[in-house]
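Asker: Submitted below is the structure of interest, expressed as structure tokens.
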Amino acid sequence: MATAATVAATATSTTAGPSNDAMAVAAVAGGNHFEEDIYHLRKLFQASNFLNFNIADIACSAGSSSGDNYMSLVKRVTIYETKRSERANSCSVIIKRQIASLSRRQLYRCEEAFSNEINAYRHVVPLLCRYAKEPLFPLCHLADAHDDSAHCEPIIVLQDLKALGYRMQNRLAGLELRHCLLVMKKLAQLHAASLAAQHLESSHFAVQCAQLSEIVYCPAAADFYSSILDTSMQQALDSLNASNADGNLSVPIRLMEQLQPTLFGNLQQSINAAADTPFSVVCHGDFWLNNLMFRSQPEEVIFFDLQAMRRTSPVFDILHFIYTSTRRQLRDVHTDTLLATYAEALRKELAQQLRHTTAAAQLSELCETFSLQRLSEEYVRHVHYGLAISMWILPAVTFDPLNLPNLDEISEDNLQGKEINCTQNLTPEYHLRIRELALEFYEHGYLDA
């Protein structure tokens with residue numbers, strides 16, 4: 001979940017994103033926190049049995065660009081069979097570790113998020129992948145809450161998507177229609193795999209999904225995240241008021257002010273209630289452009305960063321994606337196309353996965369439950385989630401990379417998360433996008449919903 005006050009502290013993780021040489025050099029100069037102990041890796045990887053050669057040398061660097069990752073430490077580790085100078089047999093992996101700052105871990109619930117991602121990779125992802133015809137996530141070599149090191153620190157070791165030709169897209173520009181259609185089809189595969197597993201292995205599915213924990217919309221996090229959302233919305237309202245010289249924003253501002261006091265509570269109730277309905281699937285939970293990587297040949301998309309994985313209505317993944325990863329021009333013209341593409345892909349996936357199985361008799365009912373009409377109705381009913389997540393993440397989409405907040409200092413100064421504010425990092429592009437967002441919701445009648 002992104003927070004405007006922390007420049008999207010949880011939503012901008014890039015588990016397999018591009019490295020940043022300048023970031024790596026700076027890390028070396030100040031004591032490289034990207035380094036890994038080669039002797040420990042030898043022991044760890046030998047036990048997990050995913051390498052077919054012995055480790056002679058390793059090279060470590062940043063696994064994500066500056067400003068992309070706040071909730072965990074992401075490293076790219078290249079493993080060599082012989083010394084690096086000989087450049088013989090090698091492979092690269094992405095290693096995720098906990099951040100060093102204990103105050104930051106506590107404030108942003110990093111440990112809960114990391115634990116949920118470990119459980120997602122250990123329990124839910126293998127089940128989903130059995131029913132998906134294409135890869136959904138990077139291959140997970142290891143996910144363990146205790147990696148047997150001296151400090152018993154949790155670890156996640158993933159396939160390096162960059163080495164396979166995957167790249168991230170420019171979050172500021174937003175995705176083009178062809179990328180959006182690709183994402184909607186793959187998202188339908190994810191949700192269809194969830195439905196297939198639920199109907200064909202109901203008991204096992206329930207046990208594995210019980211390992212997931214809600215990390216944002218739960219009682220333990222409610223005070224913190226409701227405060228963060230309130231801060232994000234107030235920043236948006238302040239921006240709108242500052243640009244309302246012509247008075248065109250007066251009504252949208254008033255309607256948004258009416259939403260503000262109950263927005264988080266309404267979202268919390270909706271997301272949790274949807275988990276216990278027939279219109280529920282395993283959702284990514286933090287589904288936006290920064291957690292997607294694309295490859296052109298063949299054309300594919302992979303999802304990662306599963307810290308917020310949960311069971312709820314599929315429209316929350318859809319709204320999350322559409323209102324964080326596209327520009328208004330695309331939404332105005334193509335939202336119906338995106339929903340129709342998702343609905344058709346879901347129908348086809350369910351037909352493929354359930355035909356000739358014990359759940360074949362339920363196929364028609366499932367297709368009706370997840371029809372385009374039902375999906376469109378749910379989209380509008382929960383559209384305020386799109387407003388909230390956009391306000392949360394827009395500071396991260398539009399941030400100035402030369403003016404990043406120091407989250408360790410913020411965490412030390414604001415242990416309760418009540419006074420966090422990074423307004424100084426808001427850019428002209430942020431103010432433009434907020435104005436577009438408010439007018440879009442007003443003109444579509446969503447602020448009255």
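Identifiers in the structure tokens: chain A, B, ... in order shown; residue index from 1 per chain; ligand index from 1 in order shown.
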Taking a cut-off of 10 Å and counting only C-alpha atoms, can you build a table that, for each residue of stretch 116-200 of chain A near stretch 326-344 of chain A, reports the nearest atom pair and how far apart they are in Å (one decimal), sorted by chain then residue number, as JSON lines?
Answerer:
{"residue": "A:Arg171", "atom": "CA", "partner": "A:Thr326", "partner_atom": "CA", "distance": 8.7}
{"residue": "A:Leu172", "atom": "CA", "partner": "A:Arg327", "partner_atom": "CA", "distance": 9.2}
{"residue": "A:Ala173", "atom": "CA", "partner": "A:Arg327", "partner_atom": "CA", "distance": 7.7}
{"residue": "A:Gly174", "atom": "CA", "partner": "A:Thr326", "partner_atom": "CA", "distance": 4.7}
{"residue": "A:Leu175", "atom": "CA", "partner": "A:Thr326", "partner_atom": "CA", "distance": 5.5}
{"residue": "A:Glu176", "atom": "CA", "partner": "A:Thr326", "partner_atom": "CA", "distance": 7.6}
{"residue": "A:Leu177", "atom": "CA", "partner": "A:Leu330", "partner_atom": "CA", "distance": 7.3}
{"residue": "A:Cys180", "atom": "CA", "partner": "A:Leu338", "partner_atom": "CA", "distance": 7.4}
{"residue": "A:Leu181", "atom": "CA", "partner": "A:Leu338", "partner_atom": "CA", "distance": 6.3}
{"residue": "A:Leu182", "atom": "CA", "partner": "A:Thr341", "partner_atom": "CA", "distance": 9.2}
{"residue": "A:Val183", "atom": "CA", "partner": "A:Tyr342", "partner_atom": "CA", "distance": 8.9}
{"residue": "A:Met184", "atom": "CA", "partner": "A:Tyr342", "partner_atom": "CA", "distance": 5.2}
{"residue": "A:Lys185", "atom": "CA", "partner": "A:Tyr342", "partner_atom": "CA", "distance": 5.6}
{"residue": "A:Lys186", "atom": "CA", "partner": "A:Tyr342", "partner_atom": "CA", "distance": 8.5}
{"residue": "A:Leu187", "atom": "CA", "partner": "A:Tyr342", "partner_atom": "CA", "distance": 7.5}
{"residue": "A:Ala188", "atom": "CA", "partner": "A:Tyr342", "partner_atom": "CA", "distance": 5.7}
{"residue": "A:Gln189", "atom": "CA", "partner": "A:Tyr342", "partner_atom": "CA", "distance": 9.1}
Asker: Would you put the residues from that selection into a file with C-alpha atoms, as an mmCIF file, in the first residue's frame?
Answerer:
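Just written: selection_8.cif:
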data_model
loop_
_atom_site.group_PDB
_atom_site.id
_atom_site.type_symbol
_atom_site.label_atom_id
_atom_site.label_comp_id
_atom_site.auth_asym_id
_atom_site.auth_seq_id
_atom_site.Cartn_x
_atom_site.Cartn_y
_atom_site.Cartn_z
ATOM 1 C CA ARG A 171 5.549 5.105 -14.198
ATOM 2 C CA LEU A 172 5.296 8.836 -14.914
ATOM 3 C CA ALA A 173 4.136 8.254 -18.492
ATOM 4 C CA GLY A 174 1.666 5.508 -17.546
ATOM 5 C CA LEU A 175 0.949 2.440 -19.632
ATOM 6 C CA GLU A 176 -0.224 2.392 -23.228
ATOM 7 C CA LEU A 177 -3.373 0.495 -24.183
ATOM 8 C CA CYS A 180 -2.964 -2.469 -20.276
ATOM 9 C CA LEU A 181 -4.739 -5.163 -22.305
ATOM 10 C CA LEU A 182 -1.845 -7.549 -21.658
ATOM 11 C CA VAL A 183 -2.057 -6.835 -17.928
ATOM 12 C CA MET A 184 -5.833 -7.337 -17.794
ATOM 13 C CA LYS A 185 -5.564 -10.709 -19.531
ATOM 14 C CA LYS A 186 -2.830 -11.876 -17.162
ATOM 15 C CA LEU A 187 -4.762 -10.577 -14.140
ATOM 16 C CA ALA A 188 -7.741 -12.615 -15.316
ATOM 17 C CA GLN A 189 -5.444 -15.670 -15.388
#
Asker: Go through stretch 13-255 of chain A and collect every residue that DSSP, computed from the backbone, puts in strand (DSSP E or B); the answer should be as an NGL selection string.
Answerer: :A and (57-62 or 73-80 or 90-97 or 140-144 or 155-159 or 167)
Asker: Return the single residue from A:Gln269, A:Gln307, A:Ser390, A:Asn248 that is closest to A:Met233, with distances computed using only C-alpha atoms.
Answerer: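 Of all the options, A:Ser390 lies closest to A:Met233.
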Asker: Would you mind reading off the distance between atom CA of A:Gln234 and atom CA of A:Glu257, one decimal, in Å?
Answerer: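 Atom CA of A:Glu257 lies 8.7 Å from atom CA of A:Gln234.
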Asker: From the set A:Val397, A:Glu377, A:Glu117, A:Ala163, which residue has the shortest atom-to-atom contact distance to A:Arg295, counting only C-alpha atoms?
Answerer: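 Selected residue with least distance to A:Arg295: A:Ala163.
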Asker: Looking at only C-alpha atoms, which of A:Leu363, A:Tyr80, A:Leu259, A:Ser72 is the one that sits closest to A:Asn54?
Answerer: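 When distances to A:Asn54 are compared using only C-alpha atoms, the smallest one comes from A:Tyr80.
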Asker: For atom CA of A:Gln260 and atom CA of A:Trp392, quote the distance in Å rounded to one decimal.
Answerer: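 Taking atom CA of A:Gln260 and atom CA of A:Trp392, their separation equals 13.2 Å.
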Asker: Using only C-alpha atoms, find the one residue out of A:Asp400, A:Trp288, A:Phe304, A:Tyr323 that sits nearest to A:Val125.
Answerer: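 Ranking A:Asp400, A:Trp288, A:Phe304, A:Tyr323 by distance to A:Val125, first place goes to A:Phe304.
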Asker: Using only C-alpha atoms, find the one residue out of A:Arg355, A:His384, A:Arg374, A:His444 that sits nearest to A:Leu319.
Answerer: A:His384
Asker: May I have all residues of stretch 44-222 of chain A that DSSP, computed from the backbone, assigns to helix (DSSP H, G or I), given as a VMD selection string?
Answerer: chain A and resid 44 to 48 84 to 86 102 to 107 110 to 129 161 to 164 177 to 200 202 to 209 219 to 222
Asker: So what do you get for atom CA of A:Glu214 versus atom CA of A:Ala120, distance-wise?
Answerer: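 Atom-to-atom, atom CA of A:Glu214 and atom CA of A:Ala120 are spaced 11.7 Å apart.
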Asker: Which neighbours of A:Ile253 fall inside 9 Å, counting only C-alpha atoms, when residues of the same chain fewer than 3 positions from it are skipped, and could you give them as a count of residues only?
Answerer: 9
